[in-house]
>>> print(open('query.txt').read())   # compact mmCIF, C-alpha atoms
# COMPACT_ATOMS: atom_id res chain seq x y z
CA MET Y 997 161.99 80.87 -65.51
CA SER Y 998 159.95 82.06 -62.58
CA PRO Y 999 156.42 80.79 -62.10
CA LEU Y 1000 153.66 83.16 -63.06
CA THR Y 1001 151.82 84.49 -60.03
CA LEU Y 1002 148.41 86.09 -60.24
CA ALA Y 1003 147.22 88.83 -57.98
CA PRO Y 1004 144.19 87.93 -55.85
CA PRO Y 1005 140.89 89.18 -57.28
CA ALA Y 1006 139.62 92.49 -55.91
CA ALA Y 1007 137.09 92.16 -53.14
CA GLN Y 1008 133.54 92.60 -54.37
CA PRO Y 1009 131.74 95.66 -52.93
CA ALA Y 1010 128.66 94.98 -50.80
CA TRP Y 1011 126.23 96.33 -53.38
CA ALA Y 1012 127.53 93.91 -56.01
CA ARG Y 1013 127.05 90.81 -53.86
CA PRO Y 1014 123.74 88.97 -54.24
CA ALA Y 1015 121.34 89.22 -51.32
CA PRO Y 1016 121.02 86.07 -49.24
CA ALA Y 1017 118.03 83.91 -50.09
CA THR Y 1018 115.52 83.99 -47.26
CA ARG Y 1019 112.48 82.38 -48.85
CA PRO Y 1020 112.10 78.68 -49.69
CA GLU Y 1021 111.59 77.58 -53.27
CA PRO Y 1022 107.94 77.74 -54.34
CA LEU Y 1023 106.06 74.46 -54.32
CA THR Y 1024 103.86 73.49 -57.26
CA LEU Y 1025 100.88 71.18 -57.04
CA GLY Y 1026 100.27 68.73 -59.84
CA ALA Y 1027 96.77 67.96 -61.14
CA ALA Y 1028 96.80 64.51 -59.49
CA ASP Y 1029 97.76 65.86 -56.04
CA ALA Y 1030 94.69 65.99 -53.81
CA THR Y 1031 96.51 67.21 -50.69
CA PRO Y 1032 99.15 69.92 -50.56
CA PRO Y 1033 102.67 68.68 -49.84
CA MET Y 1034 104.35 69.46 -46.53
CA GLN Y 1035 106.76 72.36 -46.47
CA PRO Y 1036 110.36 71.14 -46.65
CA ALA Y 1037 112.25 71.12 -43.38
CA LEU Y 1038 114.50 74.06 -42.63
CA PRO Y 1039 118.24 73.40 -42.72
CA GLU Y 1040 120.00 72.81 -39.42
CA ARG Y 1041 121.99 76.01 -39.74
CA ALA Y 1042 121.68 78.96 -42.06
CA ASP Y 1043 124.15 79.57 -44.88
CA HIS Y 1044 124.80 83.05 -43.52
CA THR Y 1045 124.80 84.32 -39.98
CA CYS Y 1046 122.61 87.33 -39.22
CA VAL Y 1047 123.15 89.41 -36.13
CA THR Y 1048 119.70 90.14 -34.74
CA ALA Y 1049 120.59 92.13 -31.64
CA THR Y 1050 121.02 95.87 -32.10
CA GLU Y 1051 123.94 95.83 -29.65
CA GLN Y 1052 125.95 93.57 -31.99
CA VAL Y 1053 125.50 95.76 -35.07
CA SER Y 1054 128.46 98.11 -35.51
CA PRO Y 1055 127.91 101.52 -33.85
CA ASP Y 1056 128.39 103.34 -37.15
CA ALA Y 1057 125.79 101.16 -38.88
CA ALA Y 1058 123.33 101.44 -35.98
CA ARG Y 1059 123.59 105.25 -35.91
CA ALA Y 1060 123.04 105.50 -39.65
CA ALA Y 1061 120.13 103.04 -39.59
CA HIS Y 1062 118.35 104.81 -36.74
CA ARG Y 1063 118.89 108.22 -38.35
CA ILE Y 1064 117.55 107.11 -41.74
CA ALA Y 1065 114.69 105.14 -40.14
CA ARG Y 1066 113.53 108.19 -38.19
CA ALA Y 1067 113.78 110.44 -41.25
CA LEU Y 1068 111.97 107.90 -43.45
CA ALA Y 1069 109.12 107.62 -40.94
CA GLU Y 1070 108.81 111.42 -40.82
CA VAL Y 1071 108.73 111.61 -44.62
CA LEU Y 1072 106.01 108.95 -44.82
CA ALA Y 1073 104.01 110.75 -42.10
CA GLY Y 1074 104.23 114.02 -44.04
CA SER Y 1075 106.23 116.03 -41.50
CA ARG Y 1076 109.55 116.12 -43.43
CA PRO Y 1077 110.21 116.85 -47.11
CA VAL Y 1078 111.48 113.91 -49.11
CA ALA Y 1079 114.25 116.07 -50.62
CA GLN Y 1080 116.15 115.86 -47.32
CA ILE Y 1081 116.71 112.10 -47.55
CA ARG Y 1082 116.72 111.63 -51.33
CA PRO Y 1083 120.59 111.61 -51.51
CA ALA Y 1084 120.61 108.49 -49.30
CA LEU Y 1085 118.11 106.59 -51.48
CA ALA Y 1086 118.65 104.38 -54.50
CA PRO Y 1087 116.60 105.59 -57.52
CA ARG Y 1088 114.06 102.76 -57.30
CA VAL Y 1089 113.61 103.38 -53.56
CA SER Y 1090 113.07 107.08 -54.23
CA HIS Y 1091 110.43 106.24 -56.83
CA LEU Y 1092 108.56 103.92 -54.43
CA LEU Y 1093 108.76 106.51 -51.65
CA ASP Y 1094 107.22 109.14 -53.96
CA HIS Y 1095 104.35 106.75 -54.67
CA LEU Y 1096 103.78 106.02 -50.97
CA ILE Y 1097 103.77 109.74 -50.10
CA ARG Y 1098 101.24 110.53 -52.84
CA SER Y 1099 98.97 107.73 -51.63
CA GLY Y 1100 98.96 109.12 -48.07
CA ALA Y 1101 99.10 105.55 -46.72
CA ALA Y 1102 101.03 106.56 -43.59
CA SER Y 1103 100.02 110.16 -43.05
CA GLY Y 1104 100.19 111.03 -39.36
CA ALA Y 1105 101.99 107.79 -38.38
CA ARG Y 1106 104.75 107.80 -35.76
CA LEU Y 1107 107.83 105.61 -35.46
CA ALA Y 1108 107.32 103.17 -32.58
CA HIS Y 1109 110.12 100.61 -32.90
CA VAL Y 1110 113.23 99.84 -34.95
CA SER Y 1111 114.87 96.41 -35.11
CA LEU Y 1112 118.25 95.91 -36.76
CA GLN Y 1113 120.20 92.98 -38.09
CA SER Y 1114 123.43 92.78 -40.01
CA PRO Y 1115 123.94 89.97 -42.53
CA HIS Y 1116 127.52 91.22 -43.10
CA PRO Y 1117 129.56 94.27 -42.03
CA ASP Y 1118 128.63 96.38 -45.07
CA ALA Y 1119 124.85 95.84 -44.86
CA VAL Y 1120 122.14 96.50 -42.29
CA GLU Y 1121 118.52 95.43 -42.49
CA ALA Y 1122 116.00 97.36 -40.40
CA SER Y 1123 112.34 96.79 -39.67
CA LEU Y 1124 110.26 99.77 -38.59
CA LEU Y 1125 106.93 99.66 -36.79
CA LEU Y 1126 104.72 102.71 -37.35
CA THR Y 1127 101.78 103.45 -35.06
CA GLY Y 1128 98.78 105.69 -35.38
CA ALA Y 1129 95.53 105.56 -37.31
CA ARG Y 1130 97.46 104.76 -40.48
CA GLY Y 1131 100.37 102.79 -39.09
CA GLY Y 1132 102.09 99.82 -40.63
CA ALA Y 1133 105.48 98.22 -41.09
CA VAL Y 1134 108.48 99.08 -43.24
CA ALA Y 1135 111.54 96.94 -43.92
CA LEU Y 1136 114.64 98.47 -45.45
CA ARG Y 1137 118.12 97.38 -46.45
CA MET Y 1138 121.04 99.75 -46.17
CA GLU Y 1139 124.46 99.18 -47.68
CA ARG Y 1140 127.74 101.04 -47.25
CA HIS Y 1141 129.20 102.59 -50.41
CA ALA Y 1142 132.53 104.37 -49.98
CA ARG Y 1143 132.02 105.35 -46.32
CA ARG Y 1144 128.36 106.40 -46.85
CA TRP Y 1145 125.25 104.43 -45.99
CA GLY Y 1146 122.39 104.33 -48.48
CA VAL Y 1147 118.99 102.64 -48.69
CA THR Y 1148 118.99 100.05 -51.49
CA ALA Y 1149 115.66 98.27 -50.92
CA VAL Y 1150 112.36 99.00 -49.15
CA GLU Y 1151 109.25 96.95 -48.51
CA ALA Y 1152 106.26 98.66 -46.88
CA ALA Y 1153 102.84 97.54 -45.69
CA LEU Y 1154 101.10 100.78 -44.72
CA GLY Y 1155 97.59 101.86 -43.84
CA PRO Y 1156 94.82 100.12 -41.94
CA HIS Y 1157 94.00 97.66 -44.73
CA ALA Y 1158 97.42 96.90 -46.20
CA ARG Y 1159 97.17 93.46 -47.75
CA ARG Y 1160 99.95 93.52 -50.30
CA PRO Y 1161 103.23 95.20 -49.47
CA ALA Y 1162 104.79 97.77 -51.75
CA ARG Y 1163 108.37 96.79 -52.52
CA THR Y 1164 111.37 97.79 -54.62
>>> encode(input="query.txt", output="structure tokens")
Amino acid sequence: MSPLTLAPPAAQPAWARPAPATRPEPLTLGAADATPPMQPALPERADHTCVTATEQVSPDAARAAHRIARALAEVLAGSRPVAQIRPALAPRVSHLLDHLIRSGAASGARLAHVSLQSPHPDAVEASLLLTGARGGAVALRMERHARRWGVTAVEAALGPHARRPART
């Protein structure tokens, strides 16, 4: 009899993988604690390696990220209709974007800077800096699905008095 061999499991697509944890566990204070505890030390090296330089992000990913970042900034500023970028947005991102447009939190803002990082080849995280009277910051995560890039998560702090970010 020949031994039974199993085929290797199919590779998991990028959208099905969990996002890397970037925040420490929350600390709770007991009733007897008079002073807050110190924050735990950061590990010597991260569990995942992020590429923070735009030059080291793949050219395809960088082009897509810059294109979507520019279009997203124009939509938030009110100079581009949201229908043009809706195919590249996840449903929850589209819903949040509709809310931000209705609020007018970034009307008249301009895109000043885009920073990119790539936690793995099928994902790009971008941070956008918007300037103007109603500027702010937007962070977005893009993932590749079958040769197309789409926005899967957005976090935005817009307007002159943005205290709590809007997030998906």
>>> atom_distance(input="query.txt", atom1="CA of Gly1104 (chain Y)", atom2="CA of Ala1149 (chain Y)")
23.1 Å
>>> axis_aligned_box(input="query.txt", around="region 1066-1081 of chain Y", padding_each_side="3 Å", output="AutoDock Vina command-line options")
--center_x 110.4 --center_y 112.2 --center_z -44.4 --size_x 18.7 --size_y 15.2 --size_z 18.4
>>> residues_around(input="query.txt", residues="Ala1057 (chain Y)", least_positions_apart="3", cutoff="9 Å", atoms="only C-alpha atoms", output="compact mmCIF listing (two decimals) with C-alpha atoms, keeping the file's coordinate frame")
# COMPACT_ATOMS: atom_id res chain seq x y z
CA VAL Y 1053 125.50 95.76 -35.07
CA SER Y 1054 128.46 98.11 -35.51
CA ALA Y 1060 123.04 105.50 -39.65
CA ALA Y 1061 120.13 103.04 -39.59
CA HIS Y 1062 118.35 104.81 -36.74
CA SER Y 1114 123.43 92.78 -40.01
CA PRO Y 1117 129.56 94.27 -42.03
CA ASP Y 1118 128.63 96.38 -45.07
CA ALA Y 1119 124.85 95.84 -44.86
CA VAL Y 1120 122.14 96.50 -42.29
CA MET Y 1138 121.04 99.75 -46.17
CA ARG Y 1140 127.74 101.04 -47.25
CA TRP Y 1145 125.25 104.43 -45.99
>>> closest_residue(input="query.txt", among="Y:Ala1073, Y:Ala1067, Y:Ala1135, Y:Ala1153", to="Arg1098 (chain Y)", atoms="only C-alpha atoms")
Y:Ala1073
>>> atom_distance(input="query.txt", atom1="CA of Ala1142 (chain Y)", atom2="CA of Leu1093 (chain Y)")
23.9 Å
>>> atom_distance(input="query.txt", atom1="CA of Ser1075 (chain Y)", atom2="CA of Ala1133 (chain Y)")
17.8 Å
>>> closest_residue(input="query.txt", among="Y:Gly1155, Y:Gly1146, Y:Ala1108, Y:Gly1131", to="Ser1090 (chain Y)", atoms="only C-alpha atoms")
Y:Gly1146
>>> residues_around(input="query.txt", residues="Arg1130 (chain Y)", least_positions_apart="2", cutoff="6 Å", atoms="only C-alpha atoms", output="number ranges by chain")
Y: 1102, 1105, 1128, 1155-1156
>>> closest_residue(input="query.txt", among="Y:Arg1088, Y:Gly1132, Y:Ala1122, Y:His1116", to="Arg1063 (chain Y)", atoms="all atoms listed in the file")
Y:Ala1122
>>> closest_residue(input="query.txt", among="Y:Val1134, Y:Val1071, Y:Ala1129, Y:Val1078", to="Val1150 (chain Y)", atoms="all atoms listed in the file")
Y:Val1134
>>> closest_residue(input="query.txt", among="Y:Gly1100, Y:Pro1055, Y:Pro1077, Y:Pro1083", to="Thr1148 (chain Y)", atoms="only C-alpha atoms")
Y:Pro1083
>>> closest_residue(input="query.txt", among="Y:Asp1056, Y:Glu1139, Y:Leu1154, Y:Ala1086", to="Leu1126 (chain Y)", atoms="all atoms listed in the file")
Y:Leu1154
